[in-house]
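This report refers to the structure that appears directly beneath it.
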Amino acid sequence: MYFTALLARTEHGWEASDTELDDVESLEELAELARAATPDDEPVLVCIEQEGAWFGLVRVDGEEDPRVFVSDAARAMRSAYGEILLTDELTGREPDDPRRLDQLVELDGTEDGESAEDTAGPDGPASVPVGPLGDPALMADLGIDAGTVLTLSPDNALGEIADSLGCAEVLEAVR
(Lines give C-alpha, C1' and ligand atoms only; values in the text may rest on other atoms or scores of the structure.)
Protein backbone atom coordinates (compact mmCIF):
# COMPACT_ATOMS: atom_id res chain seq x y z
CA MET A 1 0.00 0.00 0.00
CA TYR A 2 1.31 3.42 -0.97
CA PHE A 3 0.65 6.94 0.17
CA THR A 4 1.66 9.78 -2.12
CA ALA A 5 1.27 13.50 -1.53
CA LEU A 6 2.48 16.83 -2.79
CA LEU A 7 3.52 19.48 -0.27
CA ALA A 8 3.72 22.87 -1.97
CA ARG A 9 4.88 26.05 -0.24
CA THR A 10 2.67 28.97 -1.15
CA GLU A 11 2.34 32.54 0.09
CA HIS A 12 -0.24 31.20 2.57
CA GLY A 13 2.01 28.44 3.95
CA TRP A 14 2.30 24.78 3.01
CA GLU A 15 -0.55 23.13 1.13
CA ALA A 16 -0.92 19.38 0.77
CA SER A 17 -2.70 17.34 -1.84
CA ASP A 18 -2.82 13.65 -2.45
CA THR A 19 -1.78 12.69 -5.90
CA GLU A 20 -2.11 9.69 -8.14
CA LEU A 21 1.15 8.56 -9.73
CA ASP A 22 -0.16 5.63 -11.78
CA ASP A 23 0.26 7.56 -15.06
CA VAL A 24 3.71 8.94 -14.16
CA GLU A 25 6.50 7.02 -15.86
CA SER A 26 9.61 9.11 -15.25
CA LEU A 27 11.22 11.51 -12.82
CA GLU A 28 10.75 14.31 -15.35
CA GLU A 29 7.00 13.64 -15.53
CA LEU A 30 6.89 13.64 -11.73
CA ALA A 31 8.75 16.97 -11.66
CA GLU A 32 6.24 18.47 -14.12
CA LEU A 33 3.38 17.30 -11.91
CA ALA A 34 5.07 19.01 -8.94
CA ARG A 35 5.70 22.24 -10.86
CA ALA A 36 2.00 22.43 -11.70
CA ALA A 37 1.17 22.49 -7.97
CA THR A 38 2.41 26.06 -7.48
CA PRO A 39 2.39 29.06 -9.82
CA ASP A 40 5.66 30.38 -8.39
CA ASP A 41 9.10 28.86 -8.12
CA GLU A 42 8.38 27.87 -4.52
CA PRO A 43 9.54 24.44 -3.34
CA VAL A 44 7.32 21.43 -3.88
CA LEU A 45 7.96 18.12 -2.16
CA VAL A 46 6.62 14.92 -3.63
CA CYS A 47 6.33 12.38 -0.84
CA ILE A 48 6.00 8.64 -1.46
CA GLU A 49 5.64 6.11 1.31
CA GLN A 50 5.29 2.35 1.06
CA GLU A 51 3.80 0.82 4.22
CA GLY A 52 6.78 1.34 6.47
CA ALA A 53 9.19 -0.30 4.01
CA TRP A 54 10.69 2.82 2.43
CA PHE A 55 9.96 6.43 1.63
CA GLY A 56 11.05 8.73 -1.13
CA LEU A 57 11.18 12.50 -1.46
CA VAL A 58 11.51 14.57 -4.58
CA ARG A 59 12.08 18.30 -4.28
CA VAL A 60 11.30 20.55 -7.19
CA ASP A 61 12.18 24.25 -7.20
CA GLY A 62 10.92 25.96 -10.35
CA GLU A 63 12.74 24.74 -13.43
CA GLU A 64 15.74 23.35 -11.54
CA ASP A 65 16.47 19.64 -11.79
CA PRO A 66 14.56 17.63 -9.20
CA ARG A 67 16.47 16.47 -6.14
CA VAL A 68 15.74 12.95 -4.89
CA PHE A 69 16.18 11.03 -1.66
CA VAL A 70 15.15 7.38 -1.16
CA SER A 71 15.37 5.84 2.32
CA ASP A 72 16.15 2.31 1.06
CA ALA A 73 17.08 1.95 -2.59
CA ALA A 74 17.00 -1.87 -2.62
CA ARG A 75 13.43 -1.94 -1.30
CA ALA A 76 12.35 0.92 -3.54
CA MET A 77 13.75 -0.92 -6.56
CA ARG A 78 11.08 -3.58 -6.09
CA SER A 79 8.37 -0.93 -6.40
CA ALA A 80 6.73 0.65 -9.41
CA TYR A 81 7.08 4.07 -7.78
CA GLY A 82 10.67 3.41 -6.79
CA GLU A 83 11.46 2.75 -10.41
CA ILE A 84 10.49 6.38 -11.15
CA LEU A 85 12.91 7.71 -8.52
CA LEU A 86 15.86 5.38 -9.09
CA THR A 87 17.15 6.98 -12.26
CA ASP A 88 20.36 5.95 -13.98
CA GLU A 89 21.98 9.16 -12.75
CA LEU A 90 21.01 8.52 -9.12
CA THR A 91 22.13 4.89 -9.11
CA GLY A 92 25.26 5.48 -11.17
CA ARG A 93 24.22 3.18 -14.02
CA GLU A 94 25.00 4.01 -17.60
CA PRO A 95 21.92 4.32 -19.86
CA ASP A 96 22.85 1.14 -21.76
CA ASP A 97 23.92 -0.75 -18.62
CA PRO A 98 22.39 -4.25 -18.57
CA ARG A 99 21.36 -3.63 -14.94
CA ARG A 100 18.77 -1.02 -16.02
CA LEU A 101 15.60 -1.28 -13.99
CA ASP A 102 13.28 -1.51 -16.95
CA GLN A 103 15.19 -4.59 -18.12
CA LEU A 104 15.65 -6.23 -14.72
CA VAL A 105 12.65 -5.52 -12.58
CA GLU A 106 9.06 -6.57 -12.68
CA LEU A 107 6.73 -4.99 -10.11
CA ASP A 108 7.72 -7.64 -7.57
CA GLY A 109 11.43 -6.88 -8.09
CA THR A 110 12.28 -9.93 -10.13
CA GLU A 111 13.06 -10.94 -13.63
CA ASP A 112 10.84 -13.63 -15.17
CA GLY A 113 11.48 -16.89 -13.37
CA GLU A 114 13.86 -15.46 -10.77
CA SER A 115 13.25 -14.73 -7.14
CA ALA A 116 14.31 -11.44 -5.59
CA GLU A 117 17.24 -13.27 -3.99
CA ASP A 118 18.44 -14.40 -7.43
CA THR A 119 18.74 -10.78 -8.59
CA ALA A 120 20.60 -9.65 -5.48
CA GLY A 121 24.14 -8.46 -5.85
CA PRO A 122 26.59 -7.75 -3.03
CA ASP A 123 24.79 -4.48 -2.25
CA GLY A 124 21.22 -5.74 -2.71
CA PRO A 125 19.04 -6.35 -5.74
CA ALA A 126 20.88 -5.74 -9.00
CA SER A 127 23.66 -3.94 -7.08
CA VAL A 128 21.42 -1.10 -5.95
CA PRO A 129 22.61 -0.23 -2.46
CA VAL A 130 20.66 -1.31 0.58
CA GLY A 131 19.85 1.83 2.51
CA PRO A 132 19.62 5.49 1.63
CA LEU A 133 20.40 6.91 -1.78
CA GLY A 134 20.23 10.45 -3.08
CA ASP A 135 20.40 13.87 -1.46
CA PRO A 136 19.53 13.78 2.26
CA ALA A 137 20.18 17.55 2.45
CA LEU A 138 17.34 18.39 0.05
CA MET A 139 15.36 20.07 2.86
CA ALA A 140 18.23 21.68 4.81
CA ASP A 141 17.11 25.21 3.91
CA LEU A 142 13.61 24.28 5.15
CA GLY A 143 14.94 23.41 8.60
CA ILE A 144 15.36 19.63 8.18
CA ASP A 145 19.04 18.76 8.01
CA ALA A 146 20.59 15.74 6.30
CA GLY A 147 21.26 13.93 9.59
CA THR A 148 17.58 14.13 10.49
CA VAL A 149 16.48 12.83 7.08
CA LEU A 150 18.88 9.89 7.35
CA THR A 151 17.44 8.86 10.72
CA LEU A 152 13.75 9.08 9.80
CA SER A 153 11.84 5.83 10.16
CA PRO A 154 9.83 4.76 7.10
CA ASP A 155 6.91 4.16 9.47
CA ASN A 156 6.37 7.88 10.11
CA ALA A 157 8.87 9.83 8.00
CA LEU A 158 6.31 11.88 6.12
CA GLY A 159 4.47 12.79 9.32
CA GLU A 160 7.71 13.93 10.96
CA ILE A 161 8.66 15.97 7.89
CA ALA A 162 5.24 17.62 7.77
CA ASP A 163 5.43 18.33 11.50
CA SER A 164 8.84 19.99 11.06
CA LEU A 165 7.49 22.08 8.18
CA GLY A 166 4.45 23.08 10.24
CA CYS A 167 1.93 21.40 7.97
CA ALA A 168 1.13 18.14 9.75
CA GLU A 169 -2.60 18.94 9.83
CA VAL A 170 -2.82 19.58 6.10
CA LEU A 171 -0.93 16.37 5.33
CA GLU A 172 -3.16 14.34 7.65
CA ALA A 173 -6.22 15.86 5.98
CA VAL A 174 -5.20 14.28 2.65
CA ARG A 175 -4.05 11.01 4.18
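Residues in the C-alpha coordinates are named by chain (A, B, ... in the order shown) and by number from 1 within that chain; ligands are numbered from 1 in the order shown.
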Item to complete: Name the residues in contact with region 55-59 of chain A at a cut-off of 7 Å, using only C-alpha atoms, excluding same-chain residues fewer than 5 positions from it; report them as a ChimeraX atom specification.
Response: /A:43-50,66-71,138,154
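Proximity ranking of A:Ala16, A:Ile161, A:Cys167, A:Leu152 relative to Gly52 (chain A) places A:Leu152 first, based on only C-alpha atoms.
Here CA of Gly166 (chain A) stands at a distance of 15.4 Å from CA of Asp145 (chain A).
Of the residues listed (A:Ala162, A:Leu142, A:Ala173, A:Leu85), A:Ala162 shows the shortest atom-to-atom separation from Leu7 (chain A); distances use only C-alpha atoms.
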Practice prompt. Could you please write out, as an MDAnalysis selection string, every residue of chain A that DSSP assigns to helix (DSSP H, G or I)?
Written response: chainID A and resid 27:35 73:77 80:85 88:91 101:104 140:142 146:151 157:165 168:174
